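A.B. asks: Got a structure for you, structure34.txt, holding compact mmCIF, C-alpha atoms.
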# COMPACT_ATOMS: atom_id res chain seq x y z
CA MET J 1 -39.43 22.32 30.25
CA SER J 2 -37.51 24.40 32.76
CA GLU J 3 -36.46 27.92 33.56
CA PHE J 4 -32.79 28.72 33.09
CA GLY J 5 -30.33 31.61 33.16
CA CYS J 6 -28.77 31.99 36.62
CA ILE J 7 -26.99 35.31 37.20
CA THR J 8 -24.40 34.01 39.66
CA ASN J 9 -21.77 34.60 36.98
CA THR J 10 -21.88 36.30 33.59
CA ARG J 11 -24.76 34.68 31.74
CA THR J 12 -23.32 33.30 28.50
CA PHE J 13 -26.06 30.63 28.30
CA GLU J 14 -23.78 27.63 27.74
CA GLU J 15 -26.66 25.40 28.92
CA VAL J 16 -28.51 26.05 25.64
CA ALA J 17 -26.26 23.56 23.82
CA ALA J 18 -27.17 20.84 26.34
CA LEU J 19 -30.88 21.69 26.65
CA TYR J 20 -31.50 21.58 22.89
CA ASN J 21 -29.29 18.58 22.23
CA THR J 22 -30.82 15.42 20.69
CA SER J 23 -29.64 13.46 23.73
CA MET J 24 -32.00 15.52 25.90
CA THR J 25 -35.19 15.45 23.82
CA ASN J 26 -36.52 12.21 25.30
CA VAL J 27 -36.52 13.74 28.80
CA PHE J 28 -36.63 17.49 28.25
CA SER J 29 -38.47 19.80 25.87
CA GLY J 30 -36.60 23.09 26.18
CA GLY J 31 -36.72 25.95 28.62
CA LEU J 32 -37.66 29.53 29.40
CA VAL J 33 -35.04 32.17 30.03
CA TYR J 34 -35.66 34.33 33.08
CA GLU J 35 -36.58 37.11 32.27
CA TYR J 36 -37.47 39.27 29.30
CA SER J 37 -37.50 42.79 30.75
CA GLU J 38 -35.13 44.17 33.37
CA GLU J 39 -37.04 44.69 36.61
CA GLY J 40 -34.15 45.83 38.80
CA ASN J 41 -33.03 42.31 39.68
CA GLY J 42 -30.33 41.88 37.03
CA TYR J 43 -32.13 39.15 35.05
CA GLY J 44 -33.55 41.20 32.15
CA LEU J 45 -32.63 40.46 28.55
CA VAL J 46 -33.85 43.92 27.58
CA THR J 47 -34.39 47.27 29.28
CA ILE J 48 -37.68 49.04 28.62
CA ASP J 49 -37.83 52.81 29.03
CA GLY J 50 -41.22 54.16 27.99
CA ASP J 51 -41.65 53.05 24.37
CA THR J 52 -37.96 52.26 23.89
CA VAL J 53 -36.62 48.69 24.19
CA SER J 54 -32.83 48.25 24.39
CA THR J 55 -31.11 44.87 24.37
CA ASN J 56 -28.72 44.05 27.21
CA ALA J 57 -25.52 41.99 27.02
CA ASP J 58 -27.48 38.91 28.19
CA TYR J 59 -29.70 39.19 25.12
CA ASN J 60 -26.66 39.09 22.84
CA TYR J 61 -25.18 36.11 24.71
CA LEU J 62 -28.48 34.21 24.48
CA SER J 63 -28.91 35.05 20.80
CA SER J 64 -25.41 33.75 20.10
CA ALA J 65 -26.06 30.55 22.09
CA TYR J 66 -29.28 29.89 20.14
CA ALA J 67 -27.50 30.56 16.84
CA GLN J 68 -24.83 27.97 17.69
CA ALA J 69 -27.33 25.31 18.86
CA THR J 70 -28.79 22.81 16.41
CA ASN J 71 -32.48 22.08 16.77
CA PRO J 72 -33.03 18.46 17.79
CA THR J 73 -34.53 16.07 15.26
CA GLY J 74 -36.89 13.15 15.71
CA ASN J 75 -39.64 12.72 18.25
CA GLY J 76 -37.51 12.27 21.35
CA GLY J 77 -38.78 8.73 21.87
CA ALA J 78 -42.42 9.74 22.24
CA THR J 79 -44.86 6.94 21.58
CA SER J 80 -47.84 7.44 19.31
CA THR J 81 -49.61 4.14 20.00
CA SER J 82 -50.31 4.23 23.74
CA ALA J 83 -53.82 3.96 25.13
CA SER J 84 -55.30 6.49 27.51
CA THR J 85 -55.39 5.58 31.16
CA THR J 86 -58.64 5.04 33.03
CA CYS J 87 -59.56 6.26 36.48
CA PRO J 88 -59.63 3.73 39.31
CA THR J 89 -63.00 2.31 40.31
CA GLU J 90 -64.92 4.14 43.00
CA SER J 91 -63.90 3.16 46.54
CA ALA J 92 -63.44 4.59 50.03
CA ASP J 93 -60.12 6.06 48.86
CA TRP J 94 -61.35 7.24 45.43
CA ASP J 95 -64.68 9.04 45.70
CA VAL J 96 -65.20 9.54 41.96
CA ALA J 97 -67.91 7.57 40.16
CA ASN J 98 -67.01 8.36 36.52
CA ASP J 99 -64.75 10.35 34.22
CA ASN J 100 -67.25 13.19 33.64
CA LEU J 101 -65.98 16.74 33.93
CA PRO J 102 -68.12 19.60 35.25
CA ALA J 103 -69.85 21.75 32.64
CA ILE J 104 -67.98 24.92 31.67
CA PRO J 105 -69.56 28.02 33.26
CA ALA J 106 -71.29 30.36 30.80
CA LYS J 107 -68.88 33.27 31.41
CA ALA J 108 -65.88 30.97 30.88
CA GLU J 109 -67.45 29.67 27.66
CA ASP J 110 -67.88 33.28 26.44
CA TYR J 111 -64.23 33.96 27.25
CA MET J 112 -63.07 30.82 25.43
CA SER J 113 -65.06 31.65 22.30
CA THR J 114 -64.60 35.44 22.11
CA GLY J 115 -61.35 36.01 24.01
CA ALA J 116 -60.45 38.51 26.66
CA GLY J 117 -60.37 41.55 24.40
CA THR J 118 -57.88 44.38 24.69
CA GLY J 119 -56.34 44.75 28.11
CA PRO J 120 -56.68 48.11 29.88
CA GLY J 121 -53.06 48.26 31.00
CA LEU J 122 -52.16 49.81 34.31
CA ASP J 123 -54.34 52.92 34.06
CA GLY J 124 -57.92 53.67 33.19
CA SER J 125 -61.21 51.83 33.36
CA GLY J 126 -60.77 48.14 34.04
CA SER J 127 -57.17 48.46 35.21
CA GLN J 128 -55.83 47.04 38.44
CA GLU J 129 -56.45 50.41 40.12
CA ALA J 130 -60.01 50.96 38.91
CA GLY J 131 -61.97 48.70 41.22
CA THR J 132 -65.39 49.67 42.54
CA ALA J 133 -67.61 48.11 45.16
CA ASP J 134 -69.54 46.13 42.52
CA ASN J 135 -66.45 44.39 41.10
CA GLU J 136 -64.17 44.03 44.11
CA SER J 137 -64.09 41.05 46.40
CA THR J 138 -66.40 41.40 49.36
CA GLY J 139 -64.73 38.81 51.53
CA THR J 140 -63.17 35.40 51.73
CA ALA J 141 -64.42 31.85 51.37
CA SER J 142 -63.10 28.71 53.01
CA ALA J 143 -62.19 26.00 50.53
CA GLY J 144 -65.23 23.90 49.69
CA SER J 145 -67.62 26.00 51.81
CA GLY J 146 -69.40 27.67 48.89
CA THR J 147 -70.11 30.71 51.09
CA VAL J 148 -68.44 34.09 51.40
CA THR J 149 -67.57 35.70 54.72
CA GLU J 150 -68.10 39.43 54.23
CA THR J 151 -65.06 41.53 55.17
CA ALA J 152 -65.70 44.84 53.45
CA SER J 153 -68.60 47.19 52.93
CA ALA J 154 -70.06 47.03 49.42
CA SER J 155 -71.64 50.48 49.78
CA SER J 156 -68.50 52.49 49.10
CA THR J 157 -67.21 53.00 45.57
CA LYS J 158 -63.94 54.57 46.70
CA LYS J 159 -60.96 52.48 47.69
CA SER J 160 -59.59 53.02 51.16
CA ALA J 161 -56.32 54.93 51.18
CA GLY J 162 -55.34 53.04 54.34
CA ALA J 163 -54.21 54.49 57.65
CA LYS J 164 -51.92 57.49 57.45
CA ILE J 165 -49.00 57.47 59.86
CA PRO J 166 -47.74 60.97 60.58
CA ALA J 167 -44.08 61.62 59.90
CA VAL J 168 -41.84 62.06 62.94
CA ASP J 169 -40.06 65.39 63.13
CA THR J 170 -36.61 64.17 64.13
CA LYS J 171 -35.28 67.68 64.85
CA ALA J 172 -38.02 68.37 67.39
CA PHE J 173 -37.50 64.89 68.85
CA MET J 174 -33.76 65.58 69.30
CA VAL J 175 -34.46 68.94 71.01
CA VAL J 176 -36.89 67.33 73.47
CA ALA J 177 -34.51 64.40 74.09
CA THR J 178 -31.61 66.80 74.78
CA ILE J 179 -33.70 68.84 77.24
CA MET J 180 -34.88 65.68 79.03
CA LEU J 181 -31.32 64.31 79.24
CA SER J 182 -30.06 67.66 80.59
CA MET J 183 -32.78 67.73 83.25
CA LEU J 184 -32.01 64.16 84.29
CA SER J 185 -28.28 64.93 84.51
CA GLY J 186 -29.03 67.97 86.66
CA MET J 187 -31.23 65.92 89.01
CA VAL J 188 -28.50 63.31 89.40
CA LEU J 189 -25.90 65.97 90.21
CA LEU J 190 -28.26 67.63 92.72
CA TRP J 191 -29.05 64.30 94.39
CA THR J 192 -25.30 63.47 94.55
CA TYR J 193 -24.54 66.92 96.10
CA LEU J 194 -27.33 66.63 98.69
CA SER J 195 -26.41 63.08 99.70
What does this structure look like when you write it as structure tokens?
C.D. replies:
Amino acid sequence: MSEFGCITNTRTFEEVAALYNTSMTNVFSGGLVYEYSEEGNGYGLVTIDGDTVSTNADYNYLSSAYAQATNPTGNGGATSTSASTTCPTESADWDVANDNLPAIPAKAEDYMSTGAGTGPGLDGSGSQEAGTADNESTGTASAGSGTVTETASASSTKKSAGAKIPAVDTKAFMVVATIMLSMLSGMVLLWTYLS
């Protein structure tokens, strides 16, 4: 599996014929075209404007390439009779005593059985902008340490807007710079005259 669809030239997706060819199925299982929606980088198959989705030329080229390709047949040389591999025995270089996996955490088990539910999108409760002190990260943890180093106060429920940098008034700056340059020029002329 691979990503394909370079935009160096016009994307006519000629690689589709090779990627989905029977000669490739024993080493390759298809690919993903980059990318579905246009994000200002030129790779989008479609343009999304509010609730409207419009196909781009790349979409039509890709659709045509898929229509001309024949789906591979057979199993690509995959074997169905192999045995599973076993882990090496425990040693100084392999500090694993068995093949046991850790138990699934309760919250992950809930997620796996009931799903994630409906996503909130970009606005509203639960969105990426709706964090509060009780559901935002309070710090960082070094790998394997099991402890958190606090970096933020958990008492505030409002996100920091960050430092505000005042805008520079370029007109006022130019006036001051002109006055300073004029004064300096005058001092140089006076010094030259007096010397």
A.B. asks: Counting all atoms listed in the file, what are the residues of stretch 66-129 of chain J within 12 Å of stretch 9-13 of chain J, and for each of them which pair of atoms is the nearest and at what distance in Å, to one decimal? Sort the table by chain and rising number, as CSV.
C.D. replies:
residue,atom,partner,partner_atom,distance
J:Tyr66,CA,J:Phe13,CA,8.8
J:Ala67,CA,J:Phe13,CA,11.6
J:Gln68,CA,J:Phe13,CA,11.0
J:Ala69,CA,J:Phe13,CA,10.9
A.B. asks: Please indicate the distance in Å from atom CA of J:Glu14 to atom CA of J:Ala65, rounded to one decimal place.
C.D. replies: 6.8 Å
A.B. asks: What is the distance, in Å and to one decimal place, between atom CA of J:Tyr61 and atom CA of J:Ser23?
C.D. replies: 23.1 Å
A.B. asks: Mind pulling up the distance from atom CA of J:Tyr20 to atom CA of J:Thr79?
C.D. replies: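 Separation between atom CA of J:Thr79 and atom CA of J:Tyr20: 19.9 Å.
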A.B. asks: Using all atoms listed in the file, can you tell me which of J:Ala106, J:Tyr59, J:Val176, J:Asp95 comes closest to J:Thr47?
C.D. replies: J:Tyr59
A.B. asks: Restricting the calculation to only C-alpha atoms, which member of J:Cys87, J:Val188, J:Ala92, J:Ala78 is positioned closest to J:Asn26?
C.D. replies: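 Selected residue with least distance to J:Asn26: J:Ala78.
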A.B. asks: Excluding J:Leu32 and any residue of its chain fewer than 2 positions from it, enumerate the residues within 9 Å of it, using only C-alpha atoms, and give them as a list of chain:residue names.
C.D. replies: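 The residues satisfying every condition are J:Met1, J:Ser2, J:Glu3, J:Phe4, J:Gly5, J:Gly30, J:Tyr34, J:Glu35.
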A.B. asks: Here is a test: counting all atoms listed in the file, which residue of J:Leu189, J:Leu45, J:Met183, J:Val16 is nearest to J:Gly31?
C.D. replies: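 Checking each of J:Leu189, J:Leu45, J:Met183, J:Val16 against J:Gly31, counting all atoms listed in the file, the winner is J:Val16.
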A.B. asks: Give the centre and edge lengths of an axis-aligned box, in Å to one decimal, that holds all listed atoms of stretch 84-95 of chain J with 5 Å on each side, as AutoDock Vina command-line options.
C.D. replies:
--center_x -60.1 --center_y 5.7 --center_z 38.8 --size_x 19.6 --size_y 16.7 --size_z 32.5
A.B. asks: Within 8 Å of J:Gly44, counting all atoms listed in the file, which residues show up once you throw out same-chain ones fewer than 3 positions away? Write them as an MDAnalysis selection string, please.
C.D. replies: chainID J and resid 34:39 41 47 56 58
